[in-house]
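Coordinates from final.txt are shown below (compact mmCIF, C-alpha atoms).
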```txt
# COMPACT_ATOMS: atom_id res chain seq x y z
CA MET Z 1 57.67 107.62 78.15
CA ASP Z 2 55.87 108.11 81.45
CA GLU Z 3 54.69 105.04 83.27
CA LEU Z 4 52.01 104.96 85.97
CA VAL Z 5 53.13 103.48 89.27
CA GLU Z 6 50.78 102.91 92.19
CA PHE Z 7 52.17 103.42 95.68
CA LYS Z 8 50.13 102.45 98.73
CA THR Z 9 50.33 104.65 101.83
CA ASP Z 10 50.74 103.13 105.28
CA SER Z 11 47.00 103.68 105.78
CA GLY Z 12 46.20 101.72 102.60
CA ALA Z 13 45.31 104.64 100.32
CA SER Z 14 46.61 104.66 96.75
CA VAL Z 15 48.93 107.31 95.29
CA VAL Z 16 49.41 107.03 91.53
CA VAL Z 17 52.56 108.69 90.20
CA ALA Z 18 53.68 109.22 86.60
CA VAL Z 19 57.35 108.24 86.47
CA ASP Z 20 59.84 108.40 83.63
CA GLU Z 21 61.53 105.02 83.58
CA GLU Z 22 64.60 104.53 81.43
CA ARG Z 23 64.83 100.88 80.49
CA ARG Z 24 67.36 99.00 78.47
CA GLY Z 25 66.97 95.69 76.71
CA ALA Z 26 63.71 93.80 76.20
CA GLN Z 27 60.58 95.48 77.50
CA PRO Z 28 57.02 94.23 77.91
CA VAL Z 29 54.66 95.66 75.32
CA SER Z 30 51.00 96.48 75.85
CA ARG Z 31 48.24 97.56 73.48
CA GLY Z 32 46.67 99.84 76.08
CA ASP Z 33 48.00 103.11 77.42
CA GLY Z 34 46.68 102.56 80.93
CA VAL Z 35 49.21 100.08 82.33
CA LEU Z 36 49.52 100.57 86.08
CA ARG Z 37 52.55 99.06 87.85
CA GLN Z 38 52.64 98.35 91.54
CA ALA Z 39 55.54 99.96 93.40
CA GLY Z 40 57.89 97.72 95.32
CA GLN Z 41 57.32 99.66 98.55
CA THR Z 42 54.80 101.93 100.21
CA PHE Z 43 54.66 105.65 99.46
CA ASN Z 44 55.66 106.35 103.07
CA GLY Z 45 58.57 103.92 102.76
CA ALA Z 46 59.69 105.50 99.50
CA LEU Z 47 59.81 108.93 101.12
CA GLU Z 48 61.55 107.72 104.29
CA SER Z 49 65.02 107.97 102.74
CA ILE Z 50 64.29 111.56 101.68
CA HIS Z 51 63.09 112.32 105.21
CA THR Z 52 66.33 110.91 106.62
CA ALA Z 53 68.41 112.94 104.12
CA ALA Z 54 66.55 116.15 105.07
CA GLU Z 55 67.06 115.50 108.79
CA SER Z 56 70.79 114.92 108.24
CA ALA Z 57 71.19 118.07 106.15
CA LEU Z 58 69.31 120.18 108.72
CA ARG Z 59 71.49 118.80 111.51
CA VAL Z 60 74.66 119.83 109.64
CA PHE Z 61 73.48 123.42 109.15
CA ARG Z 62 71.78 123.91 112.55
CA ASP Z 63 74.56 122.41 114.65
CA GLY Z 64 77.49 124.05 112.84
CA GLN Z 65 79.35 127.20 113.85
CA LEU Z 66 77.03 129.57 111.95
CA LYS Z 67 73.98 128.97 114.23
CA PRO Z 68 71.31 130.41 111.89
CA ASP Z 69 67.86 131.32 113.21
CA ALA Z 70 66.25 129.56 110.23
CA VAL Z 71 67.36 126.90 107.76
CA GLU Z 72 65.53 126.21 104.51
CA ILE Z 73 66.58 123.25 102.37
CA GLU Z 74 65.03 122.61 98.97
CA PHE Z 75 65.60 119.64 96.70
CA GLY Z 76 63.65 117.90 93.98
CA VAL Z 77 62.30 114.41 94.59
CA LYS Z 78 61.86 111.84 91.83
CA LEU Z 79 59.79 108.70 92.37
CA THR Z 80 60.69 105.45 90.64
CA ALA Z 81 59.02 102.07 90.80
CA GLU Z 82 62.16 100.23 91.87
CA ALA Z 83 64.10 102.73 93.99
CA GLY Z 84 61.21 104.66 95.51
CA ALA Z 85 62.12 108.30 96.13
CA VAL Z 86 65.46 109.72 95.06
CA ILE Z 87 66.83 113.27 95.02
CA ALA Z 88 66.32 114.46 91.46
CA LYS Z 89 69.16 115.91 89.46
CA THR Z 90 69.03 119.09 87.45
CA SER Z 91 71.46 120.26 84.80
CA MET Z 92 74.18 119.62 87.37
CA GLU Z 93 74.70 116.28 89.11
CA GLY Z 94 72.38 117.00 92.01
CA HIS Z 95 69.86 119.56 93.16
CA LEU Z 96 70.08 121.12 96.59
CA VAL Z 97 69.35 124.72 97.61
CA VAL Z 98 70.19 125.81 101.16
CA LYS Z 99 69.11 129.14 102.69
CA LEU Z 100 70.34 130.23 106.11
CA SER Z 101 68.97 133.36 107.79
CA TRP Z 102 69.50 135.30 110.97
CA THR Z 103 67.11 137.66 112.74
CA PRO Z 104 68.52 141.12 113.48
CA SER Z 105 69.26 141.70 117.14
CA ALA Z 106 70.20 144.76 119.18
CA ALA Z 107 73.84 143.59 119.30
CA GLY Z 108 74.42 143.07 115.58
CA GLY Z 109 73.08 143.14 112.04
CA ALA Z 110 71.29 140.56 109.94
CA SER Z 111 72.89 138.31 107.40
CA THR Z 112 71.67 135.80 104.81
CA VAL Z 113 73.87 133.23 103.08
```

Let me see the structure of the file written as C-alpha cells.
Amino acid sequence: MDELVEFKTDSGASVVVAVDEERRGAQPVSRGDGVLRQAGQTFNGALESIHTAAESALRVFRDGQLKPDAVEIEFGVKLTAEAGAVIAKTSMEGHLVVKLSWTPSAAGGASTV
C-alpha cells in the first residue's frame, strides 16, 4: 500500500511522495486514507547520496581508458521515509544503464558501447 511522505526542500518547500513501504510486525492503523508522514531528512538530503553515486559512476567511465565523448547513466530512484533516496531495483538486483558514445573524427570511425 502506498504511503504519503512529505519531504521538505532546503528552501522550505514541501514535496509529497507516494512510497511503497514494506513493514513487518505491528503497524499503526488509521481510519482515514490521507495519513501524511514526515520524512526523516530533507528532499535535497535524500537525493544527495544519489548525486554522489552518479558523480562516482561518471568519474569511472570518463577517466578510464575508453575516453568517450559522452557518458549517459540512467538508474531508477526510489524514495523511502527512512532511507531517503535509494537506487531502485528492477527484475534483477539493481538497475543501471550506461551509454558511452564517441564523435566521428577524421582519423577514425564512431563507436557506441

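If you measure from each of Z:Leu79, Z:Ala53, Z:Ala85, Z:Leu96 to Leu4 (chain Z) using only C-alpha atoms, the closest one turns out to be Z:Leu79.
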
Rounded to one decimal in Å, what is the spacing between CA of Gly84 (chain Z) and CA of Ala57 (chain Z)?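 That distance, rounded to one decimal, is 19.8 Å.
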
What's around Thr80 (chain Z) at 12 Å? Count all atoms listed in the file, leave out sequence neighbours fewer than 2 positions away in its own chain, and write the answer as a PyMOL selection string. chain Z and resi 2-7+16-23+37-43+46-47+77-78+82-88

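Take CA of Val71 (chain Z) and CA of Val98 (chain Z): the distance between them is 7.3 Å.
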
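Closest approach to Ser56 (chain Z) among Z:Ala81, Z:Ile73, Z:Leu100, Z:Leu36: Z:Ile73, based on all atoms listed in the file.
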
Return the single residue from Z:Phe75, Z:Pro104, Z:Asp10, Z:Ala70 that is closest to His51 (chain Z), with distances computed using only C-alpha atoms.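 So, comparing all the options, the nearest one is Z:Phe75.
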
State, in Å with one decimal place, the distance from CA of Leu58 (chain Z) to CA of Lys99 (chain Z).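 Value for the CA of Leu58 (chain Z)-CA of Lys99 (chain Z) distance: 10.8 Å.
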
Looking at all atoms listed in the file, which of Z:Trp102, Z:Ile50, Z:Gly45, Z:Glu55 is the one that sits closest to Asp69 (chain Z)?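 Closest to Asp69 (chain Z), using all atoms listed in the file: Z:Trp102.
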
Determine the nearest neighbour of Thr103 (chain Z) from the options Z:Lys67, Z:Glu74, Z:Arg62, Z:Asn44, counting all atoms listed in the file. Z:Lys67
